[in-house]
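Peer 1: Contents of structure35.txt (compact mmCIF, C-alpha atoms) are below:
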# COMPACT_ATOMS: atom_id res chain seq x y z
CA MET A 284 41.89 -20.53 -116.09
CA THR A 285 38.82 -18.88 -114.61
CA GLU A 286 35.53 -18.16 -116.31
CA PRO A 287 35.21 -14.70 -117.88
CA THR A 288 34.10 -12.10 -115.38
CA SER A 289 30.44 -11.16 -115.60
CA PRO A 290 29.69 -8.02 -117.65
CA VAL A 291 26.93 -7.12 -115.18
CA ARG A 292 28.10 -5.91 -111.80
CA PRO A 293 25.86 -7.29 -109.03
CA LEU A 294 24.59 -4.93 -106.35
CA VAL A 295 26.50 -6.03 -103.27
CA GLY A 296 26.59 -4.39 -99.85
CA ARG A 297 23.93 -1.79 -100.69
CA GLY A 298 20.84 -3.43 -99.18
CA ALA A 299 20.17 -0.66 -96.67
CA GLU A 300 20.48 2.10 -99.27
CA LEU A 301 18.22 0.27 -101.74
CA ASP A 302 15.65 -0.28 -98.99
CA ASP A 303 15.62 3.47 -98.32
CA LEU A 304 15.08 4.22 -102.01
CA ASP A 305 12.36 1.59 -102.32
CA ASP A 306 10.54 3.11 -99.32
CA LEU A 307 10.66 6.53 -101.00
CA LEU A 308 9.47 4.98 -104.27
CA SER A 309 6.52 3.41 -102.44
CA SER A 310 5.57 6.77 -100.95
CA VAL A 311 5.62 8.35 -104.40
CA SER A 312 3.50 5.52 -105.82
CA ALA A 313 0.97 6.37 -103.12
CA GLY A 314 0.81 9.98 -104.29
CA GLY A 315 3.59 11.74 -102.42
CA GLY A 316 6.80 13.44 -103.52
CA ALA A 317 10.34 12.91 -102.31
CA THR A 318 13.90 13.93 -103.12
CA VAL A 319 17.15 12.11 -102.39
CA LEU A 320 20.77 13.16 -102.85
CA ILE A 321 23.23 10.30 -103.40
CA GLU A 322 26.89 11.24 -102.97
CA GLY A 323 30.01 9.13 -103.24
CA GLU A 324 33.46 8.87 -104.77
CA ALA A 325 34.09 7.87 -108.38
CA GLY A 326 33.33 4.18 -108.94
CA VAL A 327 31.61 3.63 -105.60
CA GLY A 328 28.34 2.53 -107.24
CA ARG A 329 26.01 5.52 -107.56
CA THR A 330 24.89 4.50 -111.03
CA ARG A 331 24.50 0.84 -110.08
CA LEU A 332 22.23 1.81 -107.17
CA VAL A 333 20.12 3.99 -109.45
CA GLU A 334 19.82 1.13 -111.95
CA ALA A 335 18.48 -1.10 -109.16
CA LEU A 336 15.96 1.61 -108.28
CA GLN A 337 14.87 1.81 -111.91
CA GLY A 338 14.28 -1.95 -111.81
CA SER A 339 12.01 -1.50 -108.79
CA ALA A 340 10.16 1.31 -110.57
CA ALA A 341 9.56 -0.92 -113.60
CA LEU A 342 8.04 -3.59 -111.36
CA LEU A 343 5.66 -1.00 -109.91
CA GLY A 344 4.80 0.47 -113.30
CA VAL A 345 6.35 3.82 -112.40
CA GLY A 346 7.85 5.77 -115.30
CA VAL A 347 11.45 6.96 -115.21
CA CYS A 348 13.05 9.96 -116.89
CA ALA A 349 16.82 10.04 -116.58
CA GLY A 350 19.67 12.30 -117.66
CA ARG A 351 23.33 12.83 -116.89
CA GLY A 352 25.53 15.90 -116.52
CA ALA A 353 27.67 16.43 -119.61
CA GLY A 354 30.18 18.89 -118.14
CA PRO A 355 30.03 22.46 -116.79
CA ASP A 356 30.75 23.80 -120.29
CA ALA A 357 27.83 21.96 -121.90
CA ALA A 358 25.07 23.91 -123.64
CA PRO A 359 22.59 25.81 -121.44
CA TYR A 360 20.02 23.45 -119.85
CA ALA A 361 21.82 20.40 -121.31
CA LEU A 362 20.96 18.21 -118.31
CA LEU A 363 17.27 19.10 -118.20
CA ALA A 364 16.99 18.86 -121.98
CA ASP A 365 18.50 15.36 -121.80
CA VAL A 366 15.78 14.39 -119.34
CA LEU A 367 12.73 16.20 -120.64
CA LEU A 368 13.23 16.77 -124.36
CA ALA A 369 14.53 13.35 -125.39
CA PRO A 370 12.28 11.38 -127.78
CA ALA A 371 11.27 8.97 -125.02
CA ALA A 372 10.38 11.71 -122.54
CA HIS A 373 6.66 11.92 -123.39
CA ARG A 374 7.04 14.50 -126.14
CA GLU A 375 3.56 13.77 -127.48
CA ALA A 376 1.92 14.79 -124.19
CA ARG A 377 3.96 18.00 -124.02
CA GLY A 378 3.94 18.96 -127.70
CA PRO A 379 3.49 22.76 -127.53
CA VAL A 380 5.79 23.28 -124.56
CA VAL A 381 8.48 21.02 -125.96
CA ALA A 382 8.22 22.69 -129.37
CA GLU A 383 8.66 26.12 -127.83
CA LEU A 384 11.61 24.94 -125.76
CA ASP A 385 13.25 23.31 -128.77
CA ALA A 386 13.00 26.57 -130.69
CA LEU A 387 14.13 28.65 -127.74
CA LEU A 388 17.21 26.55 -127.00
CA ASP A 389 18.31 26.92 -130.62
CA VAL A 390 18.60 30.71 -130.24
CA LEU A 391 19.89 31.05 -126.69
CA PRO A 392 23.23 32.88 -126.55
CA ALA A 393 25.97 31.39 -124.39
CA ASP A 394 25.79 34.27 -121.88
CA ARG A 395 22.60 34.68 -119.88
CA ALA A 396 23.18 38.43 -119.67
CA ASP A 397 22.84 38.71 -123.46
CA ALA A 398 19.22 37.49 -123.46
CA PRO A 399 17.76 37.54 -119.92
CA ALA A 400 14.15 37.39 -121.13
CA ARG A 401 14.77 34.27 -123.21
CA TYR A 402 16.54 32.58 -120.32
CA ALA A 403 13.70 33.52 -117.99
CA ARG A 404 11.22 31.96 -120.42
CA ALA A 405 13.31 28.78 -120.64
CA ASP A 406 13.35 28.61 -116.83
CA GLU A 407 9.58 28.94 -116.81
CA LEU A 408 9.01 26.25 -119.43
CA PHE A 409 11.39 23.70 -117.89
CA ALA A 410 9.86 24.34 -114.46
CA ALA A 411 6.38 23.77 -115.89
CA LEU A 412 7.44 20.47 -117.43
CA LEU A 413 8.90 19.30 -114.14
CA ARG A 414 5.93 20.41 -112.02
CA HIS A 415 3.22 19.01 -114.30
CA ARG A 416 4.83 15.71 -115.32
CA GLY A 417 3.30 14.12 -112.21
CA GLU A 418 -0.21 14.74 -113.57
CA GLN A 419 0.34 11.68 -115.76
CA GLY A 420 1.05 9.55 -112.69
CA PRO A 421 3.93 8.83 -110.32
CA TRP A 422 7.39 9.06 -111.86
CA VAL A 423 11.07 8.95 -111.05
CA LEU A 424 13.36 11.80 -112.09
CA VAL A 425 17.00 10.71 -112.17
CA LEU A 426 19.70 13.38 -112.49
CA GLU A 427 23.09 11.68 -112.52
CA ASP A 428 26.51 13.29 -112.13
CA LEU A 429 25.08 16.56 -110.88
CA HIS A 430 28.65 17.78 -110.32
CA LEU A 431 29.03 17.80 -114.13
CA ALA A 432 25.74 19.55 -114.87
CA ASP A 433 25.54 22.85 -116.72
CA ALA A 434 25.03 26.02 -114.69
CA CYS A 435 21.53 26.78 -116.05
CA SER A 436 20.13 23.39 -115.03
CA LEU A 437 21.69 23.71 -111.58
CA ARG A 438 20.35 27.23 -111.09
CA LEU A 439 16.82 26.14 -111.94
CA LEU A 440 17.01 23.03 -109.74
CA ALA A 441 18.09 25.19 -106.79
CA ALA A 442 15.16 27.56 -107.38
CA LEU A 443 12.65 24.67 -107.57
CA ALA A 444 13.70 23.47 -104.12
CA GLY A 445 11.89 26.43 -102.60
CA GLU A 446 8.58 24.82 -103.61
CA GLY A 447 9.40 21.46 -102.03
CA PRO A 448 9.45 18.03 -103.69
CA LEU A 449 8.11 17.76 -107.23
CA PRO A 450 4.51 16.47 -107.11
CA HIS A 451 4.15 12.69 -107.47
CA ALA A 452 7.87 12.37 -108.19
CA LEU A 453 10.85 10.68 -106.64
CA THR A 454 13.72 12.95 -107.62
CA VAL A 455 17.13 11.30 -107.37
CA MET A 456 20.27 13.38 -107.79
CA THR A 457 23.68 11.73 -107.76
CA LEU A 458 26.94 13.57 -107.35
CA ARG A 459 30.60 13.32 -106.52
CA GLY A 460 32.17 15.73 -104.06
CA VAL A 461 33.59 18.75 -105.90
CA PRO A 462 34.93 21.73 -103.94
CA HIS A 463 34.21 25.32 -104.90
CA ARG A 464 31.45 24.84 -107.47
CA VAL A 465 29.00 27.52 -106.38
CA GLU A 466 26.02 26.35 -108.46
CA LEU A 467 26.32 22.77 -107.20
CA ASP A 468 26.66 23.87 -103.58
CA ALA A 469 23.51 25.97 -104.00
CA VAL A 470 21.51 22.97 -105.26
CA VAL A 471 22.65 20.72 -102.42
CA ALA A 472 22.00 23.38 -99.78
CA ALA A 473 18.57 24.28 -101.18
CA TRP A 474 17.33 20.70 -101.37
CA THR A 475 18.79 19.88 -97.97
CA ARG A 476 16.74 22.74 -96.50
CA ALA A 477 13.73 21.38 -98.38
CA GLY A 478 14.06 18.06 -96.54
CA ALA A 479 15.80 15.90 -99.14
CA ARG A 480 17.09 12.54 -97.95
CA TYR A 481 20.89 12.30 -98.06
CA LEU A 482 22.58 9.00 -98.83
CA GLU A 483 26.36 8.78 -98.74
CA LEU A 484 27.71 5.73 -100.52
CA VAL A 485 30.78 4.68 -98.60
CA PRO A 486 33.24 2.04 -99.86
CA LEU A 487 32.30 -1.61 -99.43
CA ALA A 488 33.36 -3.43 -96.29
CA PRO A 489 36.06 -6.10 -96.77
CA ALA A 490 33.54 -8.94 -96.66
CA ALA A 491 31.35 -7.24 -99.28
CA THR A 492 34.42 -6.59 -101.45
CA VAL A 493 35.20 -10.31 -101.46
CA GLU A 494 31.53 -11.14 -102.06
CA LEU A 495 31.49 -8.90 -105.13
CA ALA A 496 34.61 -10.62 -106.49
CA GLN A 497 33.10 -14.04 -105.86
CA HIS A 498 29.96 -13.06 -107.77
CA LEU A 499 32.05 -11.90 -110.72
CA LEU A 500 34.39 -14.91 -110.70
CA HIS A 501 31.77 -17.54 -109.86
CA GLY A 502 34.07 -19.01 -107.23
CA ALA A 503 35.90 -18.47 -103.97
CA VAL A 504 38.78 -15.98 -103.81
CA GLY A 505 42.26 -17.22 -102.93
CA PRO A 506 44.47 -15.47 -100.35
CA ALA A 507 46.81 -13.76 -102.82
CA LEU A 508 43.93 -12.34 -104.85
CA ARG A 509 42.14 -11.38 -101.64
CA GLY A 510 45.21 -9.36 -100.66
CA VAL A 511 45.19 -7.48 -103.96
CA LEU A 512 41.46 -6.78 -103.63
CA ALA A 513 42.09 -5.26 -100.21
CA THR A 514 44.14 -2.51 -101.91
CA THR A 515 41.00 -1.28 -103.72
CA GLY A 516 39.66 0.17 -100.49
CA GLY A 517 36.22 -1.30 -101.19
CA ASN A 518 35.65 0.65 -104.41
CA PRO A 519 33.46 -1.56 -106.65
CA ARG A 520 34.80 -0.16 -109.92
CA LEU A 521 38.37 -0.80 -108.81
CA VAL A 522 37.42 -4.35 -107.84
CA VAL A 523 36.04 -4.94 -111.33
CA ASP A 524 39.05 -3.29 -112.97
CA VAL A 525 41.48 -5.40 -110.94
CA LEU A 526 39.71 -8.61 -111.93
CA ARG A 527 39.55 -7.60 -115.59
CA THR A 528 43.25 -6.74 -115.56
CA ALA A 529 44.16 -10.04 -113.93
CA GLN A 530 42.09 -11.89 -116.48
CA ALA A 531 43.57 -9.96 -119.41
CA CYS A 532 47.07 -10.71 -118.14
CA GLY A 533 46.29 -14.41 -117.81
CA VAL A 534 47.21 -14.66 -114.14
CA LEU A 535 43.96 -16.15 -112.81
CA GLU A 536 43.81 -19.86 -112.13
CA ARG A 537 40.94 -21.95 -110.79
CA SER A 538 41.52 -24.94 -108.56
CA ARG A 539 38.73 -26.80 -106.77
CA GLY A 540 36.39 -23.83 -107.00
CA THR A 541 38.92 -21.24 -105.79
CA VAL A 542 40.31 -18.55 -108.05
CA GLU A 543 43.85 -17.38 -107.36
CA THR A 544 46.49 -15.20 -108.99
CA VAL A 545 49.84 -16.61 -110.06
CA GLY A 546 53.00 -14.65 -110.67
CA SER A 547 53.73 -10.94 -110.36
CA ALA A 548 54.08 -9.92 -114.01
CA TRP A 549 50.71 -8.20 -113.92
CA LEU A 550 51.53 -5.76 -111.11
CA ASP A 551 52.73 -3.06 -113.52
CA GLU A 552 49.34 -3.26 -115.19
CA LEU A 553 47.71 -2.69 -111.79
CA ASP A 554 49.60 0.59 -111.53
CA ASP A 555 47.89 1.68 -114.73
CA VAL A 556 44.53 0.82 -113.14
CA GLY A 557 45.33 2.93 -110.08
CA ARG A 558 46.46 5.94 -112.10
CA ALA A 559 43.45 5.73 -114.42
CA HIS A 560 41.12 5.80 -111.43
CA VAL A 561 42.27 9.30 -110.44
CA ALA A 562 43.13 10.66 -113.90
CA TYR A 563 40.18 13.09 -113.74
CA LEU A 564 41.86 15.05 -110.93
CA GLY A 565 43.87 18.12 -111.84
CA ALA A 566 47.59 17.86 -112.54
CA ASP A 567 48.43 19.87 -109.42
CA VAL A 568 46.36 17.52 -107.25
CA LEU A 569 47.97 14.42 -108.76
CA ASP A 570 51.44 15.89 -108.39
CA LEU A 571 50.88 16.62 -104.71
CA LEU A 572 49.37 13.17 -104.11
CA GLY A 573 52.39 11.63 -105.81
CA THR A 574 54.60 13.51 -103.37
CA ALA A 575 52.38 12.36 -100.48
CA SER A 576 52.75 8.73 -101.59
CA VAL A 577 56.40 8.90 -100.50
CA LEU A 578 55.26 9.40 -96.90
CA GLY A 579 53.25 6.15 -96.90
CA ALA A 580 49.61 5.19 -96.57
CA SER A 581 48.90 8.13 -94.26
CA PHE A 582 50.52 11.49 -93.67
CA VAL A 583 50.30 14.73 -91.73
CA VAL A 584 49.52 17.77 -93.85
CA GLY A 585 52.34 19.76 -92.25
CA ASP A 586 54.86 17.05 -93.15
CA LEU A 587 53.61 17.00 -96.72
CA ALA A 588 53.86 20.78 -96.95
CA ALA A 589 57.48 20.60 -95.80
CA LEU A 590 58.21 17.83 -98.29
CA ALA A 591 56.57 19.74 -101.15
CA ASP A 592 58.16 23.01 -100.04
CA GLU A 593 54.78 24.73 -100.01
CA PRO A 594 52.93 26.76 -97.37
CA VAL A 595 50.54 24.58 -95.38
CA ALA A 596 47.58 26.70 -96.50
CA ASP A 597 48.41 26.21 -100.19
CA CYS A 598 48.96 22.51 -99.66
CA TRP A 599 45.61 22.18 -97.93
CA ARG A 600 43.78 24.05 -100.71
CA THR A 601 45.05 21.49 -103.20
CA LEU A 602 44.39 18.52 -100.94
CA ARG A 603 40.75 19.52 -100.49
CA HIS A 604 40.10 18.36 -104.05
CA ALA A 605 41.46 14.90 -103.21
CA LEU A 606 39.47 14.89 -99.98
CA ALA A 607 36.23 15.83 -101.74
CA ALA A 608 36.88 13.18 -104.40
CA GLY A 609 37.32 10.49 -101.73
CA VAL A 610 40.90 9.68 -102.74
CA VAL A 611 42.04 10.52 -99.23
CA HIS A 612 40.04 10.77 -96.02
CA ALA A 613 40.65 12.27 -92.62
CA ARG A 614 41.54 10.12 -89.65
CA GLY A 615 42.40 12.13 -86.58
CA ASP A 616 45.11 14.64 -87.46
CA ARG A 617 46.18 12.69 -90.56
CA LEU A 618 45.00 12.12 -94.10
CA VAL A 619 44.87 8.52 -95.29
CA PHE A 620 44.90 7.19 -98.85
CA ARG A 621 41.57 5.42 -99.26
CA HIS A 622 42.90 2.98 -101.86
CA ASP A 623 46.41 1.61 -101.45
CA LEU A 624 46.21 0.58 -105.10
CA VAL A 625 46.09 4.28 -106.03
CA ARG A 626 48.88 5.24 -103.63
CA THR A 627 51.28 2.60 -104.93
CA ALA A 628 50.41 3.53 -108.51
CA LEU A 629 51.20 7.19 -107.87
CA TYR A 630 54.46 6.20 -106.16
CA ALA A 631 55.43 3.94 -109.08
CA GLY A 632 54.72 6.83 -111.43
CA LEU A 633 57.51 8.93 -109.89
CA SER A 634 60.83 8.77 -111.65
CA ALA A 635 63.61 6.96 -109.73
CA GLU A 636 65.51 10.23 -109.41
CA ARG A 637 62.52 12.08 -108.00
CA ARG A 638 61.72 9.26 -105.57
CA ARG A 639 65.24 9.35 -104.17
CA ALA A 640 65.17 13.13 -103.84
CA LEU A 641 61.78 13.07 -102.11
CA HIS A 642 62.87 10.35 -99.68
CA ALA A 643 65.97 12.38 -98.80
CA ARG A 644 63.84 15.46 -98.23
CA ALA A 645 61.31 13.40 -96.25
CA ALA A 646 64.06 12.16 -93.93
CA TRP A 647 65.10 15.74 -93.24
CA ALA A 648 61.54 17.01 -92.74
CA LEU A 649 60.47 14.11 -90.51
CA ARG A 650 63.61 14.34 -88.39
CA ALA A 651 62.87 18.04 -87.86
CA ALA A 652 59.28 17.14 -86.90
CA GLY A 653 60.50 14.63 -84.30
CA ALA A 654 59.72 11.38 -86.13
CA PRO A 655 61.24 8.16 -84.71
CA SER A 656 64.76 7.37 -85.89
CA HIS A 657 63.74 4.15 -87.65
CA VAL A 658 61.26 6.08 -89.81
CA VAL A 659 63.94 8.60 -90.77
CA ALA A 660 66.39 5.76 -91.46
CA ALA A 661 63.90 4.04 -93.78
CA HIS A 662 63.64 7.18 -95.91
CA LEU A 663 67.41 7.59 -95.97
CA GLU A 664 67.75 4.01 -97.18
CA ARG A 665 65.37 4.64 -100.04
CA ALA A 666 67.18 7.87 -100.91
CA ARG A 667 70.33 5.93 -101.90
Could I get this file's structure written as C-alpha cells?
Peer 2:
Amino acid sequence: MTEPTSPVRPLVGRGAELDDLDDLLSSVSAGGGATVLIEGEAGVGRTRLVEALQGSAALLGVGVCAGRGAGPDAAPYALLADVLLAPAAHREARGPVVAELDALLDVLPADRADAPARYARADELFAALLRHRGEQGPWVLVLEDLHLADACSLRLLAALAGEGPLPHALTVMTLRGVPHRVELDAVVAAWTRAGARYLELVPLAPAATVELAQHLLHGAVGPALRGVLATTGGNPRLVVDVLRTAQACGVLERSRGTVETVGSAWLDELDDVGRAHVAYLGADVLDLLGTASVLGASFVVGDLAALADEPVADCWRTLRHALAAGVVHARGDRLVFRHDLVRTALYAGLSAERRRALHARAAWALRAAGAPSHVVAAHLERAR
C-alpha cells in the first residue's frame, strides 16, 4: 500500500504566475499600487496560488486582508465586511469608522431603493477604509470567489476602479467564469480599463499533472494510474480527488518506489468524483452535457441540438454556462470536454434506457449530417 496522500497540495506548474504576483508584490512594497484578476475553472488552483502569494507577503512583512464571496444572496456588503470588519482587520486603528459601519449594516434594508442615503453612506465608509488602509503601510487585499460576491460589494468595487489602484495595495481578485452576471462583468470591465493585470489559470500540462501526483504520493506514478490521471484534464483538484478515491478504495500499491492502481472496482467511485466536480452547474446545463456525452469527447453544437431536439440558439445559451465554467472548451468548430473523467461520469449517470434512445437518435442525426458510416454504425450498436 502507498503512503497517505499529503493534506497540503504543493504548488506545481504555476511558477510563471507566482513570479508575476511576486513582481507586483515587490512594486507595492516599494510604495506603488497594483491590481490583478485571476480567473480559472473550479479546482484549477486559484486559492492555492493566492496562498503562495500570502506566504511571500509574510516573508516581506506585508499585511494581508482576505475575504471570500458568500453567494449573490448574501447580506449587503458581505464580502467587504468579511475583509474589513473582521476582528483581525485592524479594527483598533479604524474604531470610529468600523463602529459606524457595524451599526449601519445592522439597519440596512435588503433593497437599496428603500434606504438610498444609508447605502450611499455605507459606500462612502467602505471606500474610505479601502483607500486609507495603505497609510499604515503596504498591504495585500485578497477578494476570492468574486463571482459569488454580493451585489453591493461588486458595485462599490467597480466604482473604485475609476480612481485607479488602491494606494500601497496589491489587490487580488479571483473568479470563475459566470455568464450573464451584470455586476461581476462591470467589475472586470472597470478594472481592466484601469490597467489591472489579468492572469488566466489554465489546466496543468500532462507533465505537471504527473508531477503533482508524485508529490502527493511520494513516488513515481505507474502507467495505469497515469492513464487515469490523464482523464482529469490537468485540474489539480480532480487529481487530488482521484488519488484520495483510489486510496480510500484500497487500489493503490507501491512496488520499488512506483505507485500503481490494481483492479477496476473503484471506477464507479470515480464517476462520483466526476459528477461532484460539476454539481454546482444548473440542472439544465448538466442534462444537456449528459446528452452531449453520448456524442463522445467532442461534438458539434448543431449535432447536439438535433440530438436534444432543441433549437441551436437555445442549446448554445445553455452551453455557454459550461463554456464559462471551463467544463468544455472550443476547438475549431467543435466543443470539447475538458475532463474526460467528467464526460464519462455524466455518461454513466444516464439510465440504460436513455443511453440507448440517445444513441439511436444520434445515429439518425449524424447520418443526416453526413457523418461517416462507421460512426453511425457505432451508435446503432450501442442503441441495441
Peer 1: What is the atom CA of Ala400 of chain A-atom CA of Leu467 of chain A distance in Å, reported with one decimal?
Peer 2: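 Atom CA of Ala400 of chain A sits 23.6 Å away from atom CA of Leu467 of chain A.
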Peer 1: Between A:Val610, A:Val380, A:Leu512, A:Ala654, which residue has the minimum interatomic distance to Ala325 of chain A, considering only C-alpha atoms?
Peer 2: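 Going through A:Val610, A:Val380, A:Leu512, A:Ala654 one by one, the smallest distance to Ala325 of chain A is for A:Val610.
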Peer 1: Could you list, as a PyMOL selection string, every residue within 8 Å of segment 483-499 of chain A, counting all atoms listed in the file and ignoring same-chain residues fewer than 5 positions away?
Peer 2: chain A and resi 288-289+292-293+295-296+321-324+327-329+504+509+512-513+516-519+522-523+526
Peer 1: For segment 355-369 of chain A, please output as an MDAnalysis selection string all residues within 8 Å (counting all atoms listed in the file; exclusion window: fewer than 3 positions along the same chain).
Peer 2: chainID A and resid 348:352 372:374 381 385 388 391 393 409 412 426 431:436
Peer 1: Counting all atoms listed in the file, select every polymer residue within 8 Å of (5.3, 7.9, -111.8) as defined in the file's coordinates, and provide the selection as number ranges by chain.
Peer 2: A: 311-312, 344-347, 417, 419-423, 451-452
Peer 1: Taking 5 positions as the minimum chain separation for residues in the same chain, which residues sit within 6 Å of segment 539-542 of chain A when counting all atoms listed in the file? Answer as a short mmCIF file (atom, residue, chain, number, x, y, z; two decimals) with C-alpha atoms, in the frame of the given file.
Peer 2:
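Full text of selection_23.cif as output:
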data_model
loop_
_atom_site.label_atom_id
_atom_site.label_comp_id
_atom_site.auth_asym_id
_atom_site.auth_seq_id
_atom_site.Cartn_x
_atom_site.Cartn_y
_atom_site.Cartn_z
CA GLY A 502 34.07 -19.01 -107.23
CA ALA A 503 35.90 -18.47 -103.97
CA VAL A 504 38.78 -15.98 -103.81
CA GLY A 505 42.26 -17.22 -102.93
#
Peer 1: Between atom CA of Pro448 of chain A and atom CA of Gly338 of chain A, what is the distance, to one decimal in Å?
Peer 2: 22.1 Å
Peer 1: Quick one: segment 392-400 of chain A with all heavy atoms, as a PDB file, in the first residue's frame?
Peer 2:
ATOM      1  N   PRO A 392     -31.872  47.894   4.972  1.00  0.00           N
ATOM      2  CA  PRO A 392     -32.886  47.007   4.401  1.00  0.00           C
ATOM      3  C   PRO A 392     -32.298  46.213   3.244  1.00  0.00           C
ATOM      4  O   PRO A 392     -31.234  46.553   2.715  1.00  0.00           O
ATOM      5  CB  PRO A 392     -33.968  47.976   3.917  1.00  0.00           C
ATOM      6  CG  PRO A 392     -33.227  49.246   3.631  1.00  0.00           C
ATOM      7  CD  PRO A 392     -32.110  49.311   4.632  1.00  0.00           C
ATOM      8  N   ALA A 393     -32.963  45.152   2.845  1.00  0.00           N
ATOM      9  CA  ALA A 393     -32.438  44.302   1.781  1.00  0.00           C
ATOM     10  C   ALA A 393     -32.396  45.021   0.442  1.00  0.00           C
ATOM     11  O   ALA A 393     -31.510  44.771  -0.377  1.00  0.00           O
ATOM     12  CB  ALA A 393     -33.281  43.029   1.671  1.00  0.00           C
ATOM     13  N   ASP A 394     -33.337  45.946   0.213  1.00  0.00           N
ATOM     14  CA  ASP A 394     -33.440  46.650  -1.059  1.00  0.00           C
ATOM     15  C   ASP A 394     -32.813  48.033  -0.954  1.00  0.00           C
ATOM     16  O   ASP A 394     -33.197  48.835  -0.095  1.00  0.00           O
ATOM     17  CB  ASP A 394     -34.910  46.763  -1.469  1.00  0.00           C
ATOM     18  CG  ASP A 394     -35.079  47.226  -2.914  1.00  0.00           C
ATOM     19  OD1 ASP A 394     -34.149  47.851  -3.458  1.00  0.00           O
ATOM     20  OD2 ASP A 394     -36.148  46.962  -3.497  1.00  0.00           O
ATOM     21  N   ARG A 395     -31.850  48.310  -1.815  1.00  0.00           N
ATOM     22  CA  ARG A 395     -31.165  49.600  -1.801  1.00  0.00           C
ATOM     23  C   ARG A 395     -32.145  50.762  -1.972  1.00  0.00           C
ATOM     24  O   ARG A 395     -31.963  51.837  -1.395  1.00  0.00           O
ATOM     25  CB  ARG A 395     -30.112  49.611  -2.902  1.00  0.00           C
ATOM     26  CG  ARG A 395     -29.140  50.788  -2.844  1.00  0.00           C
ATOM     27  CD  ARG A 395     -28.139  50.756  -3.983  1.00  0.00           C
ATOM     28  NE  ARG A 395     -27.116  51.763  -3.829  1.00  0.00           N
ATOM     29  CZ  ARG A 395     -25.911  51.546  -3.319  1.00  0.00           C
ATOM     30  NH1 ARG A 395     -25.584  50.322  -2.924  1.00  0.00           N
ATOM     31  NH2 ARG A 395     -25.041  52.525  -3.192  1.00  0.00           N
ATOM     32  N   ALA A 396     -33.184  50.542  -2.771  1.00  0.00           N
ATOM     33  CA  ALA A 396     -34.146  51.616  -3.037  1.00  0.00           C
ATOM     34  C   ALA A 396     -34.908  52.035  -1.791  1.00  0.00           C
ATOM     35  O   ALA A 396     -35.456  53.149  -1.738  1.00  0.00           O
ATOM     36  CB  ALA A 396     -35.129  51.165  -4.115  1.00  0.00           C
ATOM     37  N   ASP A 397     -34.943  51.177  -0.771  1.00  0.00           N
ATOM     38  CA  ASP A 397     -35.680  51.505   0.457  1.00  0.00           C
ATOM     39  C   ASP A 397     -34.900  52.432   1.390  1.00  0.00           C
ATOM     40  O   ASP A 397     -35.499  53.019   2.303  1.00  0.00           O
ATOM     41  CB  ASP A 397     -36.038  50.229   1.218  1.00  0.00           C
ATOM     42  CG  ASP A 397     -37.064  49.384   0.482  1.00  0.00           C
ATOM     43  OD1 ASP A 397     -37.806  49.957  -0.345  1.00  0.00           O
ATOM     44  OD2 ASP A 397     -37.105  48.168   0.724  1.00  0.00           O
ATOM     45  N   ALA A 398     -33.601  52.558   1.185  1.00  0.00           N
ATOM     46  CA  ALA A 398     -32.791  53.438   2.043  1.00  0.00           C
ATOM     47  C   ALA A 398     -31.557  53.902   1.267  1.00  0.00           C
ATOM     48  O   ALA A 398     -30.420  53.569   1.620  1.00  0.00           O
ATOM     49  CB  ALA A 398     -32.398  52.723   3.327  1.00  0.00           C
ATOM     50  N   PRO A 399     -31.746  54.667   0.200  1.00  0.00           N
ATOM     51  CA  PRO A 399     -30.603  55.066  -0.640  1.00  0.00           C
ATOM     52  C   PRO A 399     -29.543  55.858   0.115  1.00  0.00           C
ATOM     53  O   PRO A 399     -28.347  55.707  -0.150  1.00  0.00           O
ATOM     54  CB  PRO A 399     -31.259  55.900  -1.742  1.00  0.00           C
ATOM     55  CG  PRO A 399     -32.595  56.312  -1.196  1.00  0.00           C
ATOM     56  CD  PRO A 399     -33.027  55.217  -0.303  1.00  0.00           C
ATOM     57  N   ALA A 400     -29.958  56.700   1.073  1.00  0.00           N
ATOM     58  CA  ALA A 400     -28.974  57.504   1.802  1.00  0.00           C
ATOM     59  C   ALA A 400     -28.087  56.615   2.679  1.00  0.00           C
ATOM     60  O   ALA A 400     -26.878  56.848   2.791  1.00  0.00           O
ATOM     61  CB  ALA A 400     -29.692  58.546   2.658  1.00  0.00           C
TER      62      ALA A 400
END
